[in-house]
>>> print(open('data.pdb').read())   # PDB, C-alpha atoms, pLDDT in the B column
ATOM      1  CA  MET A   1      48.059 -45.871-152.108  1.00 45.00           C
ATOM      2  CA  ILE A   2      51.742 -46.358-151.340  1.00 46.00           C
ATOM      3  CA  VAL A   3      54.010 -45.197-154.136  1.00 52.00           C
ATOM      4  CA  GLY A   4      57.188 -44.006-152.462  1.00 56.00           C
ATOM      5  CA  ASN A   5      59.345 -41.008-153.234  1.00 56.00           C
ATOM      6  CA  LEU A   6      58.916 -39.787-156.811  1.00 59.00           C
ATOM      7  CA  SER A   7      61.462 -36.969-156.685  1.00 53.00           C
ATOM      8  CA  ASN A   8      64.373 -39.222-157.701  1.00 58.00           C
ATOM      9  CA  LEU A   9      62.763 -40.654-160.826  1.00 59.00           C
ATOM     10  CA  ARG A  10      64.783 -40.681-164.012  1.00 58.00           C
ATOM     11  CA  PRO A  11      63.408 -41.098-167.572  1.00 56.00           C
ATOM     12  CA  ALA A  12      64.357 -44.791-167.730  1.00 56.00           C
ATOM     13  CA  GLU A  13      62.465 -45.503-164.509  1.00 58.00           C
ATOM     14  CA  ILE A  14      59.137 -44.206-165.836  1.00 56.00           C
ATOM     15  CA  GLY A  15      59.256 -46.018-169.158  1.00 55.00           C
ATOM     16  CA  LEU A  16      61.307 -43.564-171.224  1.00 52.00           C
ATOM     17  CA  PRO A  17      64.589 -45.490-171.616  1.00 51.00           C
ATOM     18  CA  ALA A  18      65.480 -43.745-174.871  1.00 53.00           C
ATOM     19  CA  LEU A  19      65.571 -40.380-173.086  1.00 53.00           C
ATOM     20  CA  ALA A  20      67.932 -41.730-170.429  1.00 52.00           C
ATOM     21  CA  LYS A  21      70.897 -41.601-172.830  1.00 52.00           C
ATOM     22  CA  PHE A  22      70.682 -37.805-173.115  1.00 51.00           C
ATOM     23  CA  THR A  23      72.791 -35.770-170.737  1.00 53.00           C
ATOM     24  CA  PRO A  24      70.923 -33.018-168.890  1.00 54.00           C
ATOM     25  CA  ALA A  25      72.104 -29.511-169.734  1.00 53.00           C
ATOM     26  CA  SER A  26      73.253 -29.033-166.141  1.00 54.00           C
ATOM     27  CA  GLU A  27      75.678 -31.960-166.534  1.00 57.00           C
ATOM     28  CA  ALA A  28      77.022 -31.034-169.991  1.00 55.00           C
ATOM     29  CA  ALA A  29      80.737 -30.673-170.644  1.00 55.00           C
ATOM     30  CA  PRO A  30      82.154 -27.299-169.524  1.00 57.00           C
ATOM     31  CA  GLY A  31      83.240 -26.317-173.057  1.00 58.00           C
ATOM     32  CA  ALA A  32      80.031 -27.453-174.749  1.00 54.00           C
ATOM     33  CA  LYS A  33      78.067 -24.781-176.551  1.00 56.00           C
ATOM     34  CA  ALA A  34      74.464 -24.445-175.398  1.00 52.00           C
ATOM     35  CA  ALA A  35      71.592 -24.355-177.856  1.00 50.00           C
ATOM     36  CA  PRO A  36      69.863 -20.992-178.360  1.00 52.00           C
ATOM     37  CA  SER A  37      67.045 -20.335-175.940  1.00 52.00           C
ATOM     38  CA  GLY A  38      63.828 -22.057-176.991  1.00 51.00           C
ATOM     39  CA  ILE A  39      65.450 -24.115-179.757  1.00 52.00           C
ATOM     40  CA  GLY A  40      66.361 -27.664-178.845  1.00 58.00           C
ATOM     41  CA  ASN A  41      66.906 -26.715-175.230  1.00 60.00           C
ATOM     42  CA  GLY A  42      65.542 -29.529-173.065  1.00 64.00           C
ATOM     43  CA  ALA A  43      66.514 -27.924-169.753  1.00 78.00           C
ATOM     44  CA  GLY A  44      63.226 -26.017-169.455  1.00 88.00           C
ATOM     45  CA  PHE A  45      61.192 -29.103-170.236  1.00 85.00           C
ATOM     46  CA  SER A  46      63.255 -31.199-167.857  1.00 88.00           C
ATOM     47  CA  ASN A  47      62.750 -28.662-165.062  1.00 92.00           C
ATOM     48  CA  PHE A  48      59.025 -28.593-165.778  1.00 90.00           C
ATOM     49  CA  ILE A  49      58.780 -32.387-165.550  1.00 89.00           C
ATOM     50  CA  GLU A  50      60.857 -32.473-162.359  1.00 92.00           C
ATOM     51  CA  ARG A  51      58.619 -29.824-160.753  1.00 93.00           C
ATOM     52  CA  ALA A  52      55.479 -31.708-161.798  1.00 93.00           C
ATOM     53  CA  ILE A  53      56.790 -34.983-160.362  1.00 94.00           C
ATOM     54  CA  GLY A  54      57.751 -33.145-157.168  1.00 95.00           C
ATOM     55  CA  GLU A  55      54.242 -31.706-156.840  1.00 95.00           C
ATOM     56  CA  VAL A  56      52.671 -35.138-157.312  1.00 96.00           C
ATOM     57  CA  ASP A  57      55.063 -36.578-154.752  1.00 96.00           C
ATOM     58  CA  SER A  58      54.192 -33.876-152.226  1.00 96.00           C
ATOM     59  CA  LYS A  59      50.460 -34.521-152.738  1.00 96.00           C
ATOM     60  CA  LEU A  60      51.051 -38.236-152.103  1.00 96.00           C
ATOM     61  CA  GLN A  61      53.003 -37.459-148.929  1.00 96.00           C
ATOM     62  CA  VAL A  62      50.277 -35.112-147.667  1.00 96.00           C
ATOM     63  CA  ALA A  63      47.647 -37.786-148.345  1.00 96.00           C
ATOM     64  CA  ASP A  64      49.688 -40.398-146.473  1.00 96.00           C
ATOM     65  CA  ALA A  65      50.151 -38.009-143.529  1.00 95.00           C
ATOM     66  CA  GLU A  66      46.420 -37.230-143.385  1.00 95.00           C
ATOM     67  CA  LYS A  67      45.588 -40.927-143.559  1.00 95.00           C
ATOM     68  CA  ALA A  68      48.021 -41.684-140.734  1.00 95.00           C
ATOM     69  CA  LYS A  69      46.482 -38.946-138.576  1.00 95.00           C
ATOM     70  CA  VAL A  70      43.014 -40.425-139.024  1.00 94.00           C
ATOM     71  CA  LEU A  71      44.193 -43.991-138.382  1.00 94.00           C
ATOM     72  CA  THR A  72      46.052 -43.051-135.204  1.00 94.00           C
ATOM     73  CA  GLY A  73      43.119 -41.010-133.898  1.00 93.00           C
ATOM     74  CA  GLU A  74      45.104 -37.786-133.967  1.00 94.00           C
ATOM     75  CA  THR A  75      42.245 -36.124-135.853  1.00 91.00           C
ATOM     76  CA  ASN A  76      38.612 -36.848-136.636  1.00 91.00           C
ATOM     77  CA  ASN A  77      38.735 -34.959-139.924  1.00 91.00           C
ATOM     78  CA  LEU A  78      38.054 -37.927-142.199  1.00 93.00           C
ATOM     79  CA  HIS A  79      36.746 -35.680-144.967  1.00 95.00           C
ATOM     80  CA  GLN A  80      40.063 -33.853-145.276  1.00 94.00           C
ATOM     81  CA  ALA A  81      41.951 -37.157-145.450  1.00 95.00           C
ATOM     82  CA  VAL A  82      39.673 -38.508-148.188  1.00 96.00           C
ATOM     83  CA  ILE A  83      39.947 -35.264-150.151  1.00 96.00           C
ATOM     84  CA  ALA A  84      43.759 -35.354-149.890  1.00 95.00           C
ATOM     85  CA  MET A  85      43.839 -38.982-151.047  1.00 96.00           C
ATOM     86  CA  GLN A  86      41.561 -38.253-154.013  1.00 97.00           C
ATOM     87  CA  GLU A  87      43.615 -35.194-154.948  1.00 96.00           C
ATOM     88  CA  ALA A  88      46.795 -37.288-154.878  1.00 96.00           C
ATOM     89  CA  ASN A  89      45.083 -40.029-156.901  1.00 96.00           C
ATOM     90  CA  VAL A  90      43.971 -37.584-159.595  1.00 96.00           C
ATOM     91  CA  ALA A  91      47.431 -35.958-159.746  1.00 96.00           C
ATOM     92  CA  PHE A  92      49.129 -39.350-160.054  1.00 96.00           C
ATOM     93  CA  SER A  93      46.685 -40.481-162.753  1.00 96.00           C
ATOM     94  CA  LEU A  94      47.320 -37.287-164.699  1.00 95.00           C
ATOM     95  CA  MET A  95      51.081 -37.822-164.437  1.00 95.00           C
ATOM     96  CA  VAL A  96      50.713 -41.380-165.769  1.00 96.00           C
ATOM     97  CA  GLU A  97      48.581 -40.168-168.687  1.00 96.00           C
ATOM     98  CA  VAL A  98      51.116 -37.444-169.555  1.00 94.00           C
ATOM     99  CA  ARG A  99      53.862 -40.083-169.454  1.00 94.00           C
ATOM    100  CA  ASN A 100      51.815 -42.333-171.755  1.00 96.00           C
ATOM    101  CA  LYS A 101      51.280 -39.474-174.204  1.00 96.00           C
ATOM    102  CA  LEU A 102      55.012 -38.662-174.186  1.00 93.00           C
ATOM    103  CA  VAL A 103      55.911 -42.285-174.884  1.00 95.00           C
ATOM    104  CA  GLU A 104      53.321 -42.455-177.672  1.00 96.00           C
ATOM    105  CA  SER A 105      54.670 -39.239-179.223  1.00 95.00           C
ATOM    106  CA  TYR A 106      58.243 -40.497-179.013  1.00 94.00           C
ATOM    107  CA  GLN A 107      57.277 -43.772-180.676  1.00 95.00           C
ATOM    108  CA  GLU A 108      55.485 -41.866-183.439  1.00 95.00           C
ATOM    109  CA  LEU A 109      58.608 -39.774-184.048  1.00 94.00           C
ATOM    110  CA  MET A 110      60.721 -42.932-184.261  1.00 94.00           C
ATOM    111  CA  ARG A 111      58.376 -44.335-186.921  1.00 93.00           C
ATOM    112  CA  THR A 112      58.706 -41.201-189.049  1.00 91.00           C
ATOM    113  CA  GLN A 113      60.750 -41.807-192.180  1.00 85.00           C
ATOM    114  CA  VAL A 114      63.359 -39.246-193.090  1.00 81.00           C
TER     115      VAL A 114
END
>>> encode(input="data.pdb", output="structure tokens")
Amino acid sequence: MIVGNLSNLRPAEIGLPALAKFTPASEAAPGAKAAPSGIGNGAGFSNFIERAIGEVDSKLQVADAEKAKVLTGETNNLHQAVIAMQEANVAFSLMVEVRNKLVESYQELMRTQV
């Protein structure tokens, strides 16, 4: 499984184009007033998503490294390579399912009449 580096993903790149128009709290205007903690503050959620994507990316890199070691004959530990690849596969599948649920929730909110 070759996916590439996931740490630079933005909302528009994973199928959330509507979220791409929002400015992260870290890039907000200097004079802008921040929302009270826990209310409408997307910085915590954004950090959580970035950490999760980073963890999935690191699992994919570890799996690729283990696979390369087995293919080059550097190690005979095939079991560890297969386990790392399966772990990365499960993590990536979970990330895709979470993304799908977020998109579905966003679409449901957009259908809500005010």
>>> atom_distance(input="data.pdb", atom1="CA of Glu66 in chain A", atom2="CA of Ala84 in chain A")
7.3 Å
>>> axis_aligned_box(input="data.pdb", around="range 57-64 of chain A", padding_each_side="4 Å", output="lines of an AutoDock Vina configuration file")
center_x = 51.4
center_y = -37.1
center_z = -150.6
size_x = 15.4
size_y = 14.5
size_z = 16.3
>>> resolve_selection(input="data.pdb", expression="the PyMOL selection byres ((chain A and resi 64) around 9)", output="MDAnalysis selection string")
chainID A and resid 1:2 59:63 65:69 81 84:85
>>> write_last_selection(input="data.pdb", atoms="C-alpha atoms", output="mmCIF file, in the frame of the given file")
data_model
loop_
_atom_site.group_PDB
_atom_site.id
_atom_site.type_symbol
_atom_site.label_atom_id
_atom_site.label_comp_id
_atom_site.auth_asym_id
_atom_site.auth_seq_id
_atom_site.Cartn_x
_atom_site.Cartn_y
_atom_site.Cartn_z
ATOM 1 C CA MET A 1 48.059 -45.871 -152.108
ATOM 2 C CA ILE A 2 51.742 -46.358 -151.340
ATOM 3 C CA LYS A 59 50.460 -34.521 -152.738
ATOM 4 C CA LEU A 60 51.051 -38.236 -152.103
ATOM 5 C CA GLN A 61 53.003 -37.459 -148.929
ATOM 6 C CA VAL A 62 50.277 -35.112 -147.667
ATOM 7 C CA ALA A 63 47.647 -37.786 -148.345
ATOM 8 C CA ALA A 65 50.151 -38.009 -143.529
ATOM 9 C CA GLU A 66 46.420 -37.230 -143.385
ATOM 10 C CA LYS A 67 45.588 -40.927 -143.559
ATOM 11 C CA ALA A 68 48.021 -41.684 -140.734
ATOM 12 C CA LYS A 69 46.482 -38.946 -138.576
ATOM 13 C CA ALA A 81 41.951 -37.157 -145.450
ATOM 14 C CA ALA A 84 43.759 -35.354 -149.890
ATOM 15 C CA MET A 85 43.839 -38.982 -151.047
#
>>> atom_distance(input="data.pdb", atom1="CA of Val70 in chain A", atom2="CA of Arg51 in chain A")
28.8 Å
>>> atom_distance(input="data.pdb", atom1="CA of Thr72 in chain A", atom2="CA of Glu55 in chain A")
25.8 Å
>>> residues_around(input="data.pdb", residues="Ser93 in chain A", least_positions_apart="6", cutoff="10 Å", atoms="only C-alpha atoms", output="list in words")
Val56, Glu87 and Arg99 of chain A
